[in-house]
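As provided, target_33.txt (compact mmCIF, C-alpha atoms) reads as follows.
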# COMPACT_ATOMS: atom_id res chain seq x y z
CA MET A 284 -3.52 14.87 -14.51
CA SER A 285 -5.60 15.12 -11.35
CA THR A 286 -4.76 13.03 -8.32
CA ALA A 287 -7.50 10.75 -7.04
CA LYS A 288 -8.27 10.05 -3.40
CA CYS A 289 -6.00 7.39 -1.97
CA ARG A 290 -6.56 6.74 1.71
CA ILE A 291 -3.65 4.35 2.05
CA LYS A 292 -0.37 5.82 3.30
CA LYS A 293 3.23 4.70 3.66
CA ASP A 294 3.88 2.18 6.48
CA ASP A 295 0.21 1.05 6.59
CA LYS A 296 -0.54 -2.67 6.75
CA VAL A 297 -2.65 -3.78 3.78
CA LYS A 298 -4.13 -6.97 2.35
CA VAL A 299 -4.47 -7.83 -1.36
CA ILE A 300 -8.13 -8.59 -2.09
CA THR A 301 -7.98 -9.55 -5.77
CA GLY A 302 -5.57 -10.74 -8.45
CA LYS A 303 -2.80 -13.31 -8.50
CA GLU A 304 -1.47 -12.15 -5.11
CA LYS A 305 -4.89 -12.42 -3.38
CA GLY A 306 -4.71 -13.00 0.37
CA LYS A 307 -1.16 -11.73 0.88
CA MET A 308 -0.46 -9.03 3.45
CA GLY A 309 2.37 -6.55 3.71
CA LYS A 310 3.55 -3.08 4.64
CA VAL A 311 3.23 -0.20 2.16
CA LEU A 312 6.65 0.92 0.94
CA LYS A 313 5.67 3.65 -1.53
CA VAL A 314 2.50 5.32 -2.82
CA HIS A 315 2.24 6.78 -6.36
CA ARG A 316 -0.84 9.01 -6.01
CA ASP A 317 -0.76 10.29 -9.59
CA ARG A 318 -0.94 6.73 -11.00
CA GLN A 319 -3.08 5.27 -8.13
CA ARG A 320 -0.54 2.51 -7.62
CA ILE A 321 1.09 1.23 -4.43
CA ILE A 322 4.25 -0.80 -3.78
CA VAL A 323 3.76 -3.37 -1.00
CA GLU A 324 6.55 -5.25 0.79
CA ASN A 325 6.97 -8.92 -0.32
CA VAL A 326 4.02 -8.76 -2.74
CA ASN A 327 3.95 -8.86 -6.58
CA PHE A 328 7.58 -9.70 -7.33
CA VAL A 329 8.91 -9.19 -10.87
CA LYS A 330 12.30 -10.08 -12.39
CA ARG A 331 14.46 -7.45 -14.04
CA HIS A 332 17.35 -8.43 -16.30
CA THR A 333 20.06 -5.79 -15.90
CA LYS A 334 23.37 -5.16 -17.64
CA PRO A 335 26.50 -4.43 -15.66
CA GLY A 336 26.87 -0.67 -15.27
CA GLY A 337 30.47 0.40 -14.82
CA GLN A 338 32.25 -0.54 -11.62
CA THR A 339 29.30 0.00 -9.30
CA ARG A 340 26.42 -2.09 -10.62
CA GLN A 341 26.62 -5.83 -11.19
CA GLY A 342 24.55 -7.42 -13.95
CA GLY A 343 22.11 -10.28 -13.56
CA ILE A 344 18.51 -11.04 -12.69
CA ILE A 345 17.10 -8.87 -9.90
CA GLU A 346 13.79 -9.56 -8.15
CA LYS A 347 11.89 -6.58 -6.78
CA GLU A 348 8.36 -5.55 -5.85
CA ALA A 349 6.15 -4.09 -8.57
CA SER A 350 3.26 -1.74 -7.94
CA ILE A 351 -0.37 -2.80 -7.45
CA HIS A 352 -3.43 -0.69 -8.20
CA SER A 353 -4.92 0.84 -5.04
CA ALA A 354 -8.36 -0.69 -5.77
CA ASN A 355 -6.87 -4.16 -5.23
CA LEU A 356 -5.82 -3.39 -1.65
CA MET A 357 -7.65 -2.94 1.65
CA LEU A 358 -6.31 -1.38 4.82
CA MET A 359 -5.96 -3.64 7.87
CA CYS A 360 -7.44 -2.45 11.16
CA ASN A 361 -5.28 -3.09 14.24
CA LYS A 362 -8.28 -3.70 16.51
CA CYS A 363 -10.51 -5.74 14.15
CA ILE A 364 -7.55 -7.64 12.63
CA ASN A 365 -9.49 -7.65 9.35
CA PRO A 366 -9.33 -5.71 6.10
CA VAL A 367 -11.77 -2.82 6.50
CA ARG A 368 -13.20 0.17 4.69
CA ILE A 369 -12.34 3.49 6.24
CA LYS A 370 -13.96 6.87 6.58
CA MET A 371 -12.49 10.29 7.20
CA GLN A 372 -13.52 12.06 10.39
CA ARG A 373 -12.70 15.50 11.74
CA LEU A 374 -11.77 15.62 15.41
CA GLU A 375 -12.57 18.43 17.85
CA ASP A 376 -9.03 19.80 17.60
CA GLY A 377 -9.43 20.20 13.81
CA ARG A 378 -7.38 17.22 12.66
CA THR A 379 -8.78 14.88 10.00
CA VAL A 380 -8.14 11.19 10.76
CA ARG A 381 -8.95 7.82 9.21
CA VAL A 382 -11.45 5.72 11.16
CA CYS A 383 -12.41 2.04 10.84
CA ARG A 384 -16.01 1.63 9.70
CA LYS A 385 -16.49 -1.64 11.64
CA CYS A 386 -15.23 -0.78 15.11
CA GLY A 387 -14.75 3.01 15.04
CA GLU A 388 -11.05 2.78 15.96
CA ILE A 389 -8.83 5.66 14.83
CA ILE A 390 -6.19 4.30 12.44
CA ASP A 391 -3.92 7.38 12.32
CA THR A 392 -1.53 7.85 15.22

Represent the supplied structure as structure tokens.
Amino acid sequence: MSTAKCRIKKDDKVKVITGKEKGKMGKVLKVHRDRQRIIVENVNFVKRHTKPGGQTRQGGIIEKEASIHSANLMLMCNKCINPVRIKMQRLEDGRTVRVCRKCGEIIDT
């Protein structure tokens, strides 16, 4: 299966733009590029019912973050303080960086 372009990376600040979690913001914890899904901190909680597993794992109901499709998220710009679209730009030293389309600020550090 081919991997699609996903311009959101780990530790980015994103905002949910559609779905039941619309309007919530959080930090990206993990990116699954092959499935185009992203796990965001404190967004899209699900409950898992688990059995006790030996002496190490206790049983019960565990709440954890579930993944969200990357199309439902937008990257937050630090300068604009808004969710923005981004473009890729090659710098003079040869690096490719993400740039805000509204203000032109470089998002990558």

Nearest residue to A:His315 out of A:Ala349, A:Ile300, A:Val382, A:Val329, using only C-alpha atoms?
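Of all the options, A:Ala349 lies closest to A:His315.
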
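Excluding A:Lys307 and any residue on its chain fewer than 5 positions from it, the residues at most 12 Å away by only C-alpha atoms are Lys296, Val297, Lys298, Val299, Ile300, Thr301, Gly302, Val323, Glu324, Asn325, Val326, Asn327, Asn355, Leu356, Met357, Met359 and Pro366 of chain A.
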
Please list, as a list in words, the residues that have an atom at most 9 Å away from (-2.0, 1.8, 14.8) in the coordinates of this file, counting only C-alpha atoms.
Asp295, Cys360, Asn361, Lys362, Ile389, Ile390, Asp391 and Thr392 of chain A

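Relative to atom CA of A:Gln319, atom CA of A:Arg384 is found at 22.3 Å.
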
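You will find atom CA of A:Leu358 at 13.8 Å from atom CA of A:Lys305.
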
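When atom CA of A:Ile351 is paired with atom CA of A:Ile369, their separation reads 19.2 Å.
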
Give as a list in words each residue that has an atom at most 6 Å from (24.4, -8.1, -15.3) in the file, counting only C-alpha atoms.
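Checking each residue against the 6 Å limit leaves Thr333, Lys334, Pro335, Gln341, Gly342 and Gly343 of chain A.
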
Closest of A:Cys386, A:Gly309, A:Arg320, A:Val314 to A:Lys292 - atom-to-atom distances counting all atoms listed in the file
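Of the candidates, the smallest distance to A:Lys292 is held by A:Val314.
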
Emit as lines of an AutoDock Vina configuration file the padded axis-aligned box for all listed atoms of stretch 309-316 of chain A, 4 Å per side, with centre and edge lengths in Å to one decimal.
center_x = 2.9
center_y = 1.2
center_z = -0.9
size_x = 15.5
size_y = 23.6
size_z = 19.0

Closest to A:His332 among A:Gly306, A:Lys347, A:Arg318, A:Arg368, using only C-alpha atoms?
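Comparing A:Gly306, A:Lys347, A:Arg318, A:Arg368 against A:His332, the winner is A:Lys347.
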
From the options A:Cys363, A:Cys383, A:Cys289, A:Met371, which residue's atoms come nearest to A:Ile321, counting all atoms listed in the file?
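Of all the options, A:Cys289 lies closest to A:Ile321.
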
Closest of A:Lys310, A:Arg378, A:Lys370, A:Lys293 to A:Glu348 - atom-to-atom distances counting all atoms listed in the file
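Smallest distance to A:Glu348 is found for A:Lys310.
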
Have stretch 369-385 of chain A completed to N, CA and C atoms, please, and pass it along as a JSON list (two decimals), in the coordinates of the input.
[["chain", "number", "residue", "atom", "x", "y", "z"],
["A", 369, "ILE", "N", -12.58, 2.42, 5.29],
["A", 369, "ILE", "CA", -12.34, 3.49, 6.24],
["A", 369, "ILE", "C", -13.13, 4.72, 5.86],
["A", 370, "LYS", "N", -13.31, 5.58, 6.85],
["A", 370, "LYS", "CA", -13.96, 6.87, 6.58],
["A", 370, "LYS", "C", -13.08, 7.95, 7.19],
["A", 371, "MET", "N", -13.24, 9.15, 6.69],
["A", 371, "MET", "CA", -12.49, 10.29, 7.20],
["A", 371, "MET", "C", -13.37, 11.01, 8.21],
["A", 372, "GLN", "N", -12.76, 11.40, 9.33],
["A", 372, "GLN", "CA", -13.52, 12.06, 10.39],
["A", 372, "GLN", "C", -12.71, 13.21, 10.94],
["A", 373, "ARG", "N", -13.37, 14.33, 11.18],
["A", 373, "ARG", "CA", -12.70, 15.50, 11.74],
["A", 373, "ARG", "C", -12.87, 15.49, 13.25],
["A", 374, "LEU", "N", -11.75, 15.60, 13.95],
["A", 374, "LEU", "CA", -11.77, 15.62, 15.41],
["A", 374, "LEU", "C", -12.05, 17.02, 15.93],
["A", 375, "GLU", "N", -12.25, 17.13, 17.25],
["A", 375, "GLU", "CA", -12.57, 18.43, 17.85],
["A", 375, "GLU", "C", -11.42, 19.42, 17.74],
["A", 376, "ASP", "N", -10.18, 18.90, 17.71],
["A", 376, "ASP", "CA", -9.03, 19.80, 17.60],
["A", 376, "ASP", "C", -8.74, 20.23, 16.16],
["A", 377, "GLY", "N", -9.56, 19.77, 15.20],
["A", 377, "GLY", "CA", -9.43, 20.20, 13.81],
["A", 377, "GLY", "C", -8.70, 19.23, 12.91],
["A", 378, "ARG", "N", -8.09, 18.19, 13.48],
["A", 378, "ARG", "CA", -7.38, 17.22, 12.66],
["A", 378, "ARG", "C", -8.37, 16.30, 11.94],
["A", 379, "THR", "N", -7.99, 15.86, 10.73],
["A", 379, "THR", "CA", -8.78, 14.88, 10.00],
["A", 379, "THR", "C", -8.06, 13.54, 10.10],
["A", 380, "VAL", "N", -8.75, 12.50, 10.56],
["A", 380, "VAL", "CA", -8.14, 11.19, 10.76],
["A", 380, "VAL", "C", -8.94, 10.13, 10.03],
["A", 381, "ARG", "N", -8.29, 8.98, 9.81],
["A", 381, "ARG", "CA", -8.95, 7.82, 9.21],
["A", 381, "ARG", "C", -9.52, 6.95, 10.33],
["A", 382, "VAL", "N", -10.76, 6.49, 10.13],
["A", 382, "VAL", "CA", -11.45, 5.72, 11.16],
["A", 382, "VAL", "C", -11.98, 4.44, 10.53],
["A", 383, "CYS", "N", -11.88, 3.33, 11.27],
["A", 383, "CYS", "CA", -12.41, 2.04, 10.84],
["A", 383, "CYS", "C", -13.93, 2.10, 10.84],
["A", 384, "ARG", "N", -14.55, 1.61, 9.78],
["A", 384, "ARG", "CA", -16.01, 1.63, 9.70],
["A", 384, "ARG", "C", -16.65, 0.53, 10.55],
["A", 385, "LYS", "N", -15.91, -0.55, 10.85],
["A", 385, "LYS", "CA", -16.49, -1.64, 11.64],
["A", 385, "LYS", "C", -16.49, -1.34, 13.13]]
